[in-house]
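J.: So that you have it, the file is protein00.tsv, and it contains TSV, C-alpha atoms:
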chain	number	residue	atom	x	y	z
R	1	MET	CA	-1.65	15.77	-45.91
R	2	THR	CA	1.17	13.23	-45.83
R	3	GLU	CA	0.04	9.77	-46.87
R	4	LEU	CA	0.67	6.98	-44.42
R	5	VAL	CA	3.15	4.47	-45.77
R	6	GLU	CA	3.00	0.84	-44.75
R	7	HIS	CA	5.94	-0.05	-42.58
R	8	SER	CA	7.13	-3.19	-40.87
R	9	TYR	CA	7.33	-2.45	-37.17
R	10	PRO	CA	9.09	-4.90	-34.81
R	11	VAL	CA	6.22	-4.56	-32.34
R	12	GLU	CA	3.97	-6.21	-34.94
R	13	LEU	CA	5.75	-9.45	-34.03
R	14	VAL	CA	4.39	-9.25	-30.48
R	15	PRO	CA	1.46	-11.70	-30.35
R	16	GLU	CA	-1.95	-10.45	-29.35
R	17	SER	CA	-3.27	-12.15	-26.25
R	18	SER	CA	-6.19	-14.43	-27.10
R	19	LEU	CA	-7.16	-14.09	-23.44
R	20	HIS	CA	-8.16	-10.51	-24.16
R	21	ALA	CA	-10.45	-11.80	-26.91
R	22	VAL	CA	-12.44	-13.50	-24.14
R	23	PHE	CA	-12.65	-10.19	-22.27
R	24	ARG	CA	-14.05	-8.52	-25.39
R	25	ALA	CA	-16.54	-11.32	-26.02
R	26	SER	CA	-17.73	-11.15	-22.42
R	27	ARG	CA	-18.27	-7.40	-22.67
R	28	ARG	CA	-20.22	-7.82	-25.91
R	29	TRP	CA	-22.45	-10.43	-24.29
R	30	SER	CA	-23.08	-8.10	-21.34
R	31	ASP	CA	-23.95	-5.20	-23.67
R	32	VAL	CA	-26.40	-7.31	-25.67
R	33	HIS	CA	-28.13	-8.89	-22.66
R	34	GLY	CA	-28.12	-5.87	-20.36
R	35	ARG	CA	-26.48	-7.76	-17.50
R	36	GLU	CA	-23.01	-8.86	-16.58
R	37	ALA	CA	-21.72	-12.17	-17.87
R	38	ASN	CA	-20.52	-14.61	-15.24
R	39	ALA	CA	-16.83	-13.78	-15.55
R	40	LEU	CA	-14.99	-16.96	-14.61
R	41	HIS	CA	-12.30	-16.06	-17.13
R	42	VAL	CA	-10.78	-13.20	-15.16
R	43	GLY	CA	-8.76	-13.13	-11.95
R	44	GLU	CA	-10.60	-10.30	-10.21
R	45	PRO	CA	-11.05	-11.03	-6.49
R	46	ALA	CA	-14.33	-10.79	-4.61
R	47	PHE	CA	-12.60	-9.05	-1.71
R	48	GLY	CA	-11.51	-5.42	-1.84
R	49	MET	CA	-8.51	-3.35	-0.87
R	50	PRO	CA	-7.72	-3.04	2.84
R	51	PRO	CA	-9.55	0.03	4.23
R	52	SER	CA	-6.22	1.32	5.54
R	53	ALA	CA	-4.86	1.42	1.98
R	54	VAL	CA	-7.96	3.18	0.67
R	55	GLU	CA	-7.77	5.83	3.39
R	56	ALA	CA	-4.03	6.32	2.90
R	57	MET	CA	-4.47	6.90	-0.83
R	58	CYS	CA	-7.36	9.31	-0.29
R	59	ARG	CA	-5.35	11.21	2.29
R	60	ALA	CA	-2.39	11.38	-0.10
R	61	LEU	CA	-4.61	12.89	-2.79
R	62	ARG	CA	-6.15	15.41	-0.40
R	63	ASP	CA	-2.70	16.40	0.91
R	64	GLY	CA	-1.23	16.80	-2.56
R	65	ARG	CA	1.21	13.91	-2.24
R	66	CYS	CA	1.19	13.27	-5.98
R	67	VAL	CA	4.73	14.35	-6.81
R	68	TYR	CA	7.45	12.25	-8.39
R	69	THR	CA	9.41	9.74	-6.39
R	70	SER	CA	12.67	8.18	-7.55
R	71	ALA	CA	12.60	5.57	-10.30
R	72	GLU	CA	13.07	2.91	-7.62
R	73	GLY	CA	10.10	4.13	-5.58
R	74	MET	CA	9.58	5.65	-2.13
R	75	PRO	CA	12.43	4.84	0.28
R	76	GLU	CA	10.07	4.10	3.16
R	77	LEU	CA	8.11	1.59	1.07
R	78	ARG	CA	11.26	-0.13	-0.14
R	79	GLU	CA	12.58	-0.36	3.40
R	80	ALA	CA	9.30	-1.92	4.55
R	81	LEU	CA	9.47	-4.38	1.66
R	82	VAL	CA	13.01	-5.39	2.66
R	83	ALA	CA	11.73	-6.20	6.16
R	84	LYS	CA	8.91	-8.31	4.68
R	85	LEU	CA	11.26	-10.14	2.32
R	86	THR	CA	13.81	-10.79	5.05
R	87	ALA	CA	11.11	-12.45	7.13
R	88	GLN	CA	10.42	-14.72	4.13
R	89	GLY	CA	14.05	-15.82	3.88
R	90	LEU	CA	15.33	-13.47	1.18
R	91	SER	CA	18.46	-11.37	1.53
R	92	THR	CA	18.36	-7.94	-0.09
R	93	THR	CA	18.74	-4.18	0.43
R	94	PRO	CA	16.48	-1.21	-0.41
R	95	ASP	CA	18.78	-0.29	-3.32
R	96	ARG	CA	17.88	-3.59	-5.02
R	97	VAL	CA	14.11	-3.22	-4.59
R	98	PHE	CA	12.14	-1.45	-7.31
R	99	VAL	CA	8.49	-0.47	-6.93
R	100	THR	CA	6.81	-1.00	-10.30
R	101	PRO	CA	3.43	-0.23	-11.94
R	102	GLY	CA	2.31	-3.81	-11.31
R	103	SER	CA	4.58	-6.84	-11.44
R	104	CYS	CA	3.82	-7.15	-15.16
R	105	GLN	CA	5.78	-4.00	-15.95
R	106	GLY	CA	8.48	-5.18	-13.59
R	107	LEU	CA	8.88	-8.45	-15.47
R	108	THR	CA	9.06	-6.61	-18.79
R	109	ALA	CA	11.68	-4.25	-17.35
R	110	VAL	CA	13.82	-7.15	-16.14
R	111	GLY	CA	13.69	-8.68	-19.60
R	112	ALA	CA	14.86	-5.41	-21.12
R	113	ALA	CA	17.58	-4.92	-18.51
R	114	VAL	CA	19.30	-8.26	-19.05
R	115	HIS	CA	18.75	-8.71	-22.80
R	116	THR	CA	21.65	-9.61	-25.05
R	117	PRO	CA	21.46	-9.95	-28.85
R	118	GLY	CA	20.22	-13.35	-29.99
R	119	ALA	CA	19.24	-14.44	-26.48
R	120	ALA	CA	16.43	-16.90	-25.73
R	121	TRP	CA	13.67	-16.37	-23.15
R	122	LEU	CA	12.60	-19.72	-21.68
R	123	ILE	CA	9.01	-19.94	-20.37
R	124	PRO	CA	6.75	-22.83	-19.28
R	125	GLN	CA	4.91	-24.59	-22.09
R	126	VAL	CA	1.70	-23.72	-20.21
R	127	HIS	CA	2.08	-20.16	-18.99
R	128	TRP	CA	0.58	-16.75	-18.32
R	129	PRO	CA	0.39	-15.37	-21.90
R	130	ILE	CA	2.07	-12.07	-21.10
R	131	TYR	CA	5.36	-13.96	-20.56
R	132	ARG	CA	5.47	-14.68	-24.28
R	133	GLN	CA	4.57	-11.10	-25.16
R	134	GLN	CA	7.30	-9.81	-22.84
R	135	GLY	CA	9.89	-12.04	-24.45
R	136	VAL	CA	9.03	-10.98	-27.99
R	137	LEU	CA	8.70	-7.32	-27.01
R	138	ASN	CA	12.25	-7.43	-25.65
R	139	ARG	CA	13.57	-9.12	-28.83
R	140	TYR	CA	14.20	-12.57	-27.35
R	141	ASP	CA	13.65	-15.89	-29.08
R	142	VAL	CA	10.86	-17.39	-26.96
R	143	VAL	CA	11.22	-21.10	-26.16
R	144	GLY	CA	8.72	-23.18	-24.20
R	145	TYR	CA	9.87	-25.79	-21.69
R	146	PRO	CA	7.78	-28.91	-20.97
R	147	LEU	CA	6.13	-29.52	-17.61
R	148	GLY	CA	5.80	-32.86	-15.86
R	149	PRO	CA	2.68	-34.65	-14.58
R	150	GLY	CA	0.36	-32.26	-12.77
R	151	TYR	CA	2.21	-29.37	-14.45
R	152	ALA	CA	5.17	-29.89	-12.12
R	153	LEU	CA	8.64	-28.54	-12.85
R	154	ASP	CA	10.67	-31.18	-14.70
R	155	VAL	CA	14.27	-30.00	-14.54
R	156	ALA	CA	15.58	-32.76	-16.83
R	157	ALA	CA	13.02	-31.76	-19.47
R	158	ILE	CA	14.01	-28.11	-19.06
R	159	ALA	CA	17.66	-29.02	-19.61
R	160	ARG	CA	16.73	-30.80	-22.84
R	161	ALA	CA	14.43	-28.02	-24.10
R	162	ALA	CA	16.88	-25.18	-23.52
R	163	THR	CA	18.90	-23.88	-26.43
R	164	PRO	CA	22.53	-22.71	-26.30
R	165	ALA	CA	21.17	-19.17	-26.64
R	166	THR	CA	19.10	-19.39	-23.44
R	167	ARG	CA	19.70	-16.29	-21.35
R	168	VAL	CA	16.65	-16.16	-19.06
R	169	ILE	CA	14.28	-18.75	-17.60
R	170	VAL	CA	10.91	-17.68	-16.16
R	171	VAL	CA	9.48	-19.63	-13.22
R	172	ASN	CA	6.01	-19.09	-11.73
R	173	SER	CA	4.89	-20.74	-8.49
R	174	PRO	CA	2.09	-20.96	-7.56
R	175	ALA	CA	1.42	-20.96	-11.27
R	176	ASN	CA	-1.10	-19.20	-13.46
R	177	PRO	CA	-2.96	-20.96	-15.06
R	178	THR	CA	-2.15	-24.41	-13.65
R	179	GLY	CA	-2.32	-23.82	-9.89
R	180	ALA	CA	0.82	-25.95	-9.45
R	181	VAL	CA	3.15	-25.22	-6.53
R	182	ALA	CA	6.78	-26.00	-7.35
R	183	ASP	CA	8.48	-28.62	-5.21
R	184	PRO	CA	11.37	-27.03	-3.27
R	185	ALA	CA	13.72	-29.81	-4.38
R	186	ALA	CA	12.91	-29.07	-8.03
R	187	LEU	CA	13.64	-25.38	-7.47
R	188	ARG	CA	17.01	-26.26	-5.98
R	189	ASP	CA	17.81	-28.47	-8.96
R	190	LEU	CA	16.70	-25.74	-11.35
R	191	LEU	CA	18.92	-23.17	-9.68
R	192	ALA	CA	21.84	-25.59	-9.92
R	193	LEU	CA	21.14	-25.95	-13.65
R	194	ALA	CA	20.94	-22.17	-14.03
R	195	ASN	CA	24.29	-21.79	-12.29
R	196	GLU	CA	25.83	-24.47	-14.47
R	197	ARG	CA	24.59	-22.84	-17.70
R	198	ASP	CA	24.85	-19.21	-16.58
R	199	TRP	CA	21.13	-18.44	-16.92
R	200	ILE	CA	19.30	-15.59	-15.25
R	201	VAL	CA	16.20	-16.74	-13.35
R	202	VAL	CA	13.04	-14.62	-13.20
R	203	SER	CA	10.76	-15.86	-10.42
R	204	ASP	CA	7.17	-14.61	-10.65
R	205	GLU	CA	5.86	-14.64	-7.06
R	206	ALA	CA	2.44	-13.06	-7.79
R	207	TYR	CA	0.48	-15.80	-5.97
R	208	ALA	CA	3.04	-16.53	-3.23
R	209	ASP	CA	0.48	-16.00	-0.46
R	210	PHE	CA	-2.09	-18.34	-2.00
R	211	VAL	CA	-0.78	-21.80	-1.17
R	212	TYR	CA	-3.24	-24.48	-0.01
R	213	GLU	CA	-1.20	-27.68	-0.32
R	214	GLY	CA	2.55	-28.17	-0.23
R	215	THR	CA	5.21	-25.62	0.65
R	216	HIS	CA	6.02	-22.47	-1.26
R	217	LEU	CA	9.69	-21.58	-1.40
R	218	PRO	CA	10.63	-18.18	-2.87
R	219	MET	CA	13.36	-19.10	-5.31
R	220	ALA	CA	15.56	-16.17	-4.30
R	221	ALA	CA	15.63	-17.55	-0.75
R	222	LEU	CA	17.89	-20.29	-2.10
R	223	GLU	CA	20.53	-17.61	-2.71
R	224	ALA	CA	20.29	-15.93	0.71
R	225	ASP	CA	23.72	-17.24	1.71
R	226	VAL	CA	25.33	-16.72	-1.69
R	227	GLU	CA	27.61	-13.73	-2.21
R	228	PRO	CA	25.53	-11.06	-3.98
R	229	HIS	CA	27.80	-10.80	-7.03
R	230	ARG	CA	27.13	-14.51	-7.71
R	231	ARG	CA	23.33	-14.34	-7.42
R	232	ARG	CA	21.13	-14.65	-10.49
R	233	VAL	CA	17.47	-14.73	-9.34
R	234	PHE	CA	15.17	-11.76	-9.95
R	235	SER	CA	11.87	-11.88	-8.03
R	236	ALA	CA	8.63	-10.12	-8.99
R	237	PHE	CA	5.78	-9.50	-6.54
R	238	THR	CA	2.43	-7.68	-6.70
R	239	PHE	CA	-0.14	-6.10	-4.42
R	240	SER	CA	-2.88	-7.06	-6.89
R	241	LYS	CA	-3.47	-10.53	-5.44
R	242	SER	CA	-2.69	-10.40	-1.72
R	243	HIS	CA	-4.27	-6.97	-1.22
R	244	ALA	CA	-6.74	-6.79	-4.17
R	245	MET	CA	-5.09	-3.64	-5.52
R	246	THR	CA	-5.53	-4.79	-9.13
R	247	GLY	CA	-6.40	-1.39	-10.58
R	248	CYS	CA	-3.79	0.50	-8.55
R	249	ARG	CA	-1.01	-1.16	-10.55
R	250	VAL	CA	1.61	-1.53	-7.86
R	251	GLY	CA	4.16	-4.31	-7.54
R	252	TYR	CA	7.86	-4.65	-6.92
R	253	VAL	CA	10.92	-6.39	-8.32
R	254	VAL	CA	13.98	-7.49	-6.37
R	255	ALA	CA	17.27	-7.53	-8.25
R	256	PRO	CA	19.85	-10.13	-7.17
R	257	ASN	CA	22.74	-7.68	-6.77
R	258	ASP	CA	23.83	-4.09	-7.27
R	259	ALA	CA	25.06	-4.63	-10.83
R	260	PHE	CA	21.71	-5.95	-12.01
R	261	ALA	CA	19.95	-3.23	-10.00
R	262	GLY	CA	21.94	-0.66	-11.95
R	263	LEU	CA	20.72	-2.10	-15.25
R	264	LEU	CA	17.12	-2.20	-14.04
R	265	ARG	CA	17.36	1.40	-12.81
R	266	ARG	CA	18.26	2.55	-16.32
R	267	VAL	CA	15.22	0.81	-17.78
R	268	GLN	CA	12.89	2.34	-15.20
R	269	GLU	CA	14.33	5.82	-15.60
R	270	GLY	CA	13.88	5.56	-19.36
R	271	SER	CA	10.36	4.14	-19.28
R	272	ILE	CA	8.20	4.89	-16.24
R	273	ILE	CA	10.29	7.73	-14.68
R	274	ALA	CA	8.66	6.89	-11.32
R	275	PRO	CA	5.87	4.68	-10.00
R	276	PRO	CA	2.63	6.48	-8.97
R	277	THR	CA	2.99	8.05	-5.54
R	278	PRO	CA	-0.58	7.57	-4.20
R	279	ALA	CA	-0.46	3.86	-5.10
R	280	GLN	CA	2.85	3.51	-3.25
R	281	ILE	CA	1.38	5.20	-0.17
R	282	GLY	CA	-1.57	2.81	-0.31
R	283	ALA	CA	0.78	-0.16	-0.64
R	284	LEU	CA	2.79	0.97	2.38
R	285	ALA	CA	-0.38	1.09	4.48
R	286	ALA	CA	-1.52	-2.27	3.11
R	287	LEU	CA	1.70	-3.98	4.21
R	288	ASP	CA	0.71	-3.49	7.84
R	289	ASP	CA	-2.63	-5.29	7.36
R	290	THR	CA	-1.47	-8.89	7.53
R	291	ALA	CA	-4.87	-9.95	8.87
R	292	ALA	CA	-6.48	-8.87	5.58
R	293	VAL	CA	-4.08	-11.09	3.62
R	294	ARG	CA	-4.87	-14.10	5.82
R	295	ALA	CA	-8.60	-13.46	5.39
R	296	ASN	CA	-8.22	-13.11	1.62
R	297	VAL	CA	-6.30	-16.38	1.34
R	298	ALA	CA	-8.91	-18.16	3.47
R	299	ALA	CA	-11.73	-16.78	1.32
R	300	VAL	CA	-10.16	-17.98	-1.93
R	301	ARG	CA	-9.40	-21.38	-0.44
R	302	THR	CA	-13.01	-21.76	0.71
R	303	SER	CA	-14.26	-20.88	-2.77
R	304	ARG	CA	-11.83	-23.34	-4.34
R	305	ASP	CA	-13.04	-26.11	-2.04
R	306	ALA	CA	-16.69	-25.27	-2.69
R	307	ALA	CA	-16.30	-25.43	-6.46
R	308	MET	CA	-14.01	-28.43	-6.81
R	309	GLY	CA	-16.41	-31.08	-5.51
R	310	GLU	CA	-18.81	-30.90	-8.45
R	311	LEU	CA	-16.01	-30.41	-10.96
R	312	MET	CA	-14.12	-33.45	-9.69
R	313	ALA	CA	-17.29	-35.55	-9.62
R	314	ALA	CA	-17.90	-34.58	-13.24
R	315	GLY	CA	-14.39	-35.73	-14.17
R	316	LEU	CA	-13.30	-32.25	-15.24
R	317	ILE	CA	-10.34	-32.05	-12.85
R	318	ALA	CA	-8.44	-34.73	-10.92
R	319	ALA	CA	-7.55	-32.74	-7.80
R	320	PRO	CA	-7.93	-29.18	-6.48
R	321	PRO	CA	-5.15	-26.79	-7.52
R	322	ALA	CA	-2.47	-26.57	-4.83
R	323	GLY	CA	-2.20	-22.79	-5.08
R	324	GLY	CA	-3.12	-19.62	-6.93
R	325	TRP	CA	-6.52	-18.49	-8.19
R	326	TYR	CA	-7.10	-20.75	-11.18
R	327	ALA	CA	-8.00	-24.24	-12.29
R	328	LEU	CA	-7.60	-25.95	-15.66
R	329	LEU	CA	-10.61	-28.09	-16.57
R	330	ASP	CA	-10.66	-30.92	-19.11
R	331	ILE	CA	-13.88	-30.42	-21.10
R	332	THR	CA	-13.24	-33.03	-23.79
R	333	SER	CA	-16.30	-34.94	-22.52
R	334	SER	CA	-18.41	-32.14	-24.01
R	335	GLY	CA	-17.37	-33.15	-27.52
R	336	HIS	CA	-16.08	-29.63	-28.15
R	337	ALA	CA	-12.66	-28.10	-28.53
R	338	ALA	CA	-11.93	-25.48	-25.89
R	339	ALA	CA	-12.52	-22.39	-28.04
R	340	GLU	CA	-15.82	-23.73	-29.36
R	341	PHE	CA	-16.85	-24.74	-25.85
R	342	ALA	CA	-16.06	-21.28	-24.47
R	343	ASP	CA	-18.05	-19.56	-27.22
R	344	ARG	CA	-21.08	-21.80	-26.70
R	345	LEU	CA	-20.96	-21.60	-22.89
R	346	LEU	CA	-20.99	-17.81	-23.09
R	347	ALA	CA	-23.72	-17.70	-25.72
R	348	GLU	CA	-26.08	-20.16	-24.03
R	349	HIS	CA	-25.30	-19.75	-20.34
R	350	GLY	CA	-23.66	-16.35	-20.03
R	351	VAL	CA	-20.56	-17.91	-18.44
R	352	ALA	CA	-17.15	-16.74	-19.68
R	353	VAL	CA	-14.17	-19.11	-19.47
R	354	ALA	CA	-10.76	-18.92	-21.14
R	355	PRO	CA	-9.61	-21.57	-23.63
R	356	ALA	CA	-6.28	-22.87	-22.38
R	357	SER	CA	-4.80	-22.44	-25.85
R	358	ALA	CA	-4.39	-18.81	-24.73
R	359	PHE	CA	-1.81	-20.08	-22.24
R	360	THR	CA	0.38	-22.24	-24.48
R	361	ILE	CA	3.11	-21.91	-27.07
R	362	PRO	CA	1.57	-21.79	-30.60
R	363	GLY	CA	1.12	-25.25	-32.06
R	364	ASP	CA	0.83	-26.99	-28.70
R	365	GLN	CA	-2.21	-29.28	-28.88
R	366	SER	CA	-2.05	-30.52	-25.27
R	367	THR	CA	-4.69	-28.04	-24.11
R	368	ARG	CA	-7.07	-28.31	-27.06
R	369	GLY	CA	-9.80	-29.62	-24.74
R	370	VAL	CA	-8.93	-27.53	-21.66
R	371	VAL	CA	-10.34	-24.26	-20.28
R	372	ARG	CA	-9.24	-22.06	-17.39
R	373	ILE	CA	-11.50	-20.70	-14.67
R	374	SER	CA	-10.80	-18.41	-11.73
R	375	PHE	CA	-12.18	-19.29	-8.31
R	376	ALA	CA	-11.21	-15.95	-6.70
R	377	GLY	CA	-14.41	-14.07	-7.56
R	378	ASP	CA	-17.84	-13.95	-5.96
R	379	ARG	CA	-18.57	-17.40	-4.53
R	380	THR	CA	-22.24	-17.52	-5.48
R	381	ARG	CA	-21.47	-16.59	-9.06
R	382	LEU	CA	-18.58	-19.07	-9.10
R	383	LEU	CA	-20.81	-21.97	-8.06
R	384	GLU	CA	-23.53	-20.94	-10.51
R	385	GLY	CA	-20.94	-20.84	-13.28
R	386	THR	CA	-19.22	-24.13	-12.49
R	387	SER	CA	-22.60	-25.88	-12.19
R	388	ALA	CA	-23.57	-24.55	-15.62
R	389	LEU	CA	-20.21	-25.66	-17.01
R	390	ALA	CA	-20.48	-29.19	-15.61
R	391	ARG	CA	-24.08	-29.47	-16.84
R	392	ALA	CA	-23.06	-28.29	-20.32
R	393	CYS	CA	-20.36	-30.99	-20.49
R	394	ARG	CA	-22.90	-33.67	-19.63
R	395	GLU	CA	-25.59	-32.42	-21.99
R	396	TRP	CA	-23.42	-31.54	-24.96
R	397	GLY	CA	-21.39	-34.72	-24.63
R	398	GLY	CA	-24.61	-36.68	-24.96
R	399	GLN	CA	-25.34	-34.92	-28.26
R	400	THR	CA	-22.17	-36.09	-30.00
Could the structure of this file be written out as C-alpha cells, please?
T.:
Amino acid sequence: MTELVEHSYPVELVPESSLHAVFRASRRWSDVHGREANALHVGEPAFGMPPSAVEAMCRALRDGRCVYTSAEGMPELREALVAKLTAQGLSTTPDRVFVTPGSCQGLTAVGAAVHTPGAAWLIPQVHWPIYRQQGVLNRYDVVGYPLGPGYALDVAAIARAATPATRVIVVNSPANPTGAVADPAALRDLLALANERDWIVVSDEAYADFVYEGTHLPMAALEADVEPHRRRVFSAFTFSKSHAMTGCRVGYVVAPNDAFAGLLRRVQEGSIIAPPTPAQIGALAALDDTAAVRANVAAVRTSRDAAMGELMAAGLIAAPPAGGWYALLDITSSGHAAAEFADRLLAEHGVAVAPASAFTIPGDQSTRGVVRISFAGDRTRLLEGTSALARACREWGGQT
C-alpha cells in the first residue's frame, strides 16, 4: 500500500465556516436530548414549496424527464426568468441567464469566471460567511469593507478600504445577516465608483422579495439603459427563499453581457455540466405562483413583528430589520461574549443561535457581543426561543 504523504493543498486555505459548527452543536444537543433544538440559527422557512412545484417535479420524475439540459439550463425556464426580470427593471436576454444549483454555486462560478491573478474580492465587513470562502476558493485576496450606521452601505468608506488590486465587489441587499436594505442612492454612488475604478459588481439578490421597510432596487436595474458591452453587474437569485425550495438547490445568475456570459458558460460546463432537470421544472412551475410568494413574505413579516417587541424592550435590538430573514442581537447585557452565550443558551435552554463572529472578517471585534437569529421559521418556536434568549440576558447579566 502506498503511504499517504502530507501535502499542502491550496484548498486548505479556504476557511471553515464557524456557522456550520453551530449546526453540528445543535444536532448533538438534539441527539442527546431526544428532541429537536430550537433552531433559531438557521434560515429554514416555516412555509413549504408551492404545491404546483411539488407536482411538477413529481410528474417530471414519473415521466422520466431527468435527462441533461444545457449548462445554462432549460430554455423555457430562462425565457420565463427574463420576463420576470424585465418586469423588475432589468434588461437581459436568455443567453445571459444561467440556472444554477442554488445561488451559492452561481456566486462561486462568477468569481471563477472573472478571476485574474492577484485580484482582490471585496466583501462587506459583516457578511454571509460563504462570500469569504468563495473568494479564497477562487484564489482572490479577500478584503472587507466597512459598513455605516445600521449596517448601511458607506460608499466613501468602501472607496477607502479598496485596494488597487480590487477586481470584484460583492453587494447583498436585503443583507444576511444584518437585515439592512441598501438605499438606492448609495447603490447609484457605488456603481459610479465601480465604473470609475473598473470593478465588477456581484449583487446577491437572495432576499429581494423580503423587504418590509424602504425600497429595494436591483442593482443591475441601474444599467438597464447602458449599452451591454459597458455593463458590469452580475446578479444572483435563488428559489430557496421566495419559494422555500432550499433543498432543491435551484437559483440563477444573470451576466451583464455576452462576453461575461461566455466566461461563465465555460465555468459551468467544466463544473456542473448542467443543473438538475426536475428542480428546473419545479422552478418553472413555481414562477407562476406569485400568490405563494406574497403569502410567504407576509408570513415572515408577521413573525418578525411578533418577535421584535420583546427583543426591543429588552434592549437587544434598536429597530426591526428592514428586510431579509435575520436579526443581529446585542447580548452584551448578558455578560457573555457571543460564542459563550450561544453555547450556554443551547446547553441550558435548547435554543441555537449563531455568534456573529461567524459573519465577520477575522480579527473584527465589532460583533463580539452579537448573535444572529432567523425569524423565518415556525412562529411559535421563534417566540419561545426569543423569550428564552431575552430572559437569559436578564438573568445572566444579573450574575456578573
J.: List as a PyMOL selection string the protein and nucleic acid residues near Ala390 of chain R, meaning an atom at most 8 Å away when all atoms listed in the file are counted, but skip any in the same chain fewer than 4 places from it.
T.: chain R and resi 310-311+314+316+386+394
J.: Go ahead and compute the interatomic distance for atom CA of Arg59 of chain R and atom CA of Ala83 of chain R, in Å to one decimal.
T.: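 Separation of atom CA of Arg59 of chain R and atom CA of Ala83 of chain R: 24.7 Å.
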J.: Using all atoms listed in the file, which residue out of R:Gln88, R:Ser240, R:Gln280, R:Ser70 lies closest to Leu217 of chain R?
T.: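 Using all atoms listed in the file, Leu217 of chain R sits closest to R:Gln88.
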J.: Which one of R:Gly111, R:Gly106, R:Gly385, R:Pro218 sits closest to Asn38 of chain R if you count all atoms listed in the file?
T.: R:Gly385
J.: Can you tell me, as a list in words, what residues are no more than 8 Å from segment 205-214 of chain R when counting all atoms listed in the file, ignoring any on the same chain fewer than 2 positions away?
T.: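 Near neighbours after the sequence-gap exclusion: Ser103, Asn172, Ser173, Pro174, Ala175, Val181, Asp183, Ser203, His216, Pro218, Ser235, Ala236, Phe237, Thr238, Lys241, Ser242, Val293, Val297, Arg301, Ala322, Gly323, Gly324 and Trp325 of chain R.
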J.: Name the closest residue to Ala279 of chain R among the candidates R:Glu55, R:Asp31, R:Glu79, R:Glu44; distances are taken between atoms, counting only C-alpha atoms.
T.: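 Result for the nearest residue to Ala279 of chain R: R:Glu55.
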J.: Figure out the distance between atom CA of Val97 of chain R and atom CA of Ala255 of chain R, please, to one decimal in Å.
T.: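 Value for the atom CA of Ala255 of chain R-atom CA of Val97 of chain R distance: 6.5 Å.
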J.: If we count all atoms listed in the file, what is near Ala392 of chain R at a cut-off of 9 Å, once residues fewer than 5 positions away on the same chain are taken out, given as a list in words?
T.: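 The residues satisfying every condition are Ser334, Leu345, His349, Ser387 and Gly397 of chain R.
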J.: Put the listed atoms of segment 233-252 of chain R in a box along x, y and z with 6 Å added on every side and give me the centre and edge lengths in Å to one decimal, as JSON.
T.:
{"center_x": 5.4, "center_y": -7.1, "center_z": -5.9, "size_x": 36.2, "size_y": 27.2, "size_z": 21.4}
J.: Which residues, protein or nucleic acid, reach to within 9 Å of (7.3, -10.6, -25.2) in the file's coordinates when using all atoms listed in the file, and can you give that as a PyMOL selection string?
T.: chain R and resi 14-15+108+111+121+130-140+142
J.: May I have the residues from that selection written out with C-alpha atoms, as a short mmCIF file (atom, residue, chain, number, x, y, z; two decimals), in the coordinates of the input?
T.:
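Contents of selection37.cif, freshly written:
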data_model
loop_
_atom_site.label_atom_id
_atom_site.label_comp_id
_atom_site.auth_asym_id
_atom_site.auth_seq_id
_atom_site.Cartn_x
_atom_site.Cartn_y
_atom_site.Cartn_z
CA VAL R 14 4.39 -9.25 -30.48
CA PRO R 15 1.46 -11.70 -30.35
CA THR R 108 9.06 -6.61 -18.79
CA GLY R 111 13.69 -8.68 -19.60
CA TRP R 121 13.67 -16.37 -23.15
CA ILE R 130 2.07 -12.07 -21.10
CA TYR R 131 5.36 -13.96 -20.56
CA ARG R 132 5.47 -14.68 -24.28
CA GLN R 133 4.57 -11.10 -25.16
CA GLN R 134 7.30 -9.81 -22.84
CA GLY R 135 9.89 -12.04 -24.45
CA VAL R 136 9.03 -10.98 -27.99
CA LEU R 137 8.70 -7.32 -27.01
CA ASN R 138 12.25 -7.43 -25.65
CA ARG R 139 13.57 -9.12 -28.83
CA TYR R 140 14.20 -12.57 -27.35
CA VAL R 142 10.86 -17.39 -26.96
#
J.: Could you tell me which of R:Ile281, R:Ala313, R:Ala259, R:Ala87 comes closest to Val54 of chain R if we count all atoms listed in the file?
T.: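 Selected residue with least distance to Val54 of chain R: R:Ile281.
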J.: Rounded to one decimal place, report the atom CA of Ala60 of chain R-atom CA of Ala283 of chain R distance in Å.
T.: 12.0 Å
J.: Could you check the closest approach to Trp29 of chain R for each of R:Cys248, R:Leu346, R:Ile361, R:Ala388 and tell me which residue wins, using all atoms listed in the file?
T.: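 Between R:Cys248, R:Leu346, R:Ile361, R:Ala388, the residue approaching Trp29 of chain R most closely is R:Leu346.
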J.: Within 10 Å of Ala157 of chain R, counting only C-alpha atoms, which residues qualify if same-chain residues fewer than 2 places away don't, as a list of chain:residue names?
T.: R:Tyr145, R:Pro146, R:Leu147, R:Gly148, R:Leu153, R:Asp154, R:Val155, R:Ala159, R:Arg160, R:Ala161, R:Ala162
J.: Keeping only C-alpha atoms, write the selected residues to a file as an mmCIF file, in the frame of the given file.
T.:
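Generated file (out_12.cif):
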data_model
loop_
_atom_site.group_PDB
_atom_site.id
_atom_site.type_symbol
_atom_site.label_atom_id
_atom_site.label_comp_id
_atom_site.auth_asym_id
_atom_site.auth_seq_id
_atom_site.Cartn_x
_atom_site.Cartn_y
_atom_site.Cartn_z
ATOM 1 C CA TYR R 145 9.870 -25.790 -21.690
ATOM 2 C CA PRO R 146 7.780 -28.910 -20.970
ATOM 3 C CA LEU R 147 6.130 -29.520 -17.610
ATOM 4 C CA GLY R 148 5.800 -32.860 -15.860
ATOM 5 C CA LEU R 153 8.640 -28.540 -12.850
ATOM 6 C CA ASP R 154 10.670 -31.180 -14.700
ATOM 7 C CA VAL R 155 14.270 -30.000 -14.540
ATOM 8 C CA ALA R 159 17.660 -29.020 -19.610
ATOM 9 C CA ARG R 160 16.730 -30.800 -22.840
ATOM 10 C CA ALA R 161 14.430 -28.020 -24.100
ATOM 11 C CA ALA R 162 16.880 -25.180 -23.520
#
J.: Determine the nearest neighbour of Ala220 of chain R from the options R:Gly89, R:Gly150, R:Gly118, R:Pro276, counting all atoms listed in the file.
T.: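 Distance minimum relative to Ala220 of chain R lands on R:Gly89.
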J.: Using all atoms listed in the file, determine which residues lie at most 7 Å from Val170 of chain R, disregarding the query and same-chain residues fewer than 5 positions distant; provide the list as a PyMOL selection string.
T.: chain R and resi 122-123+201-203
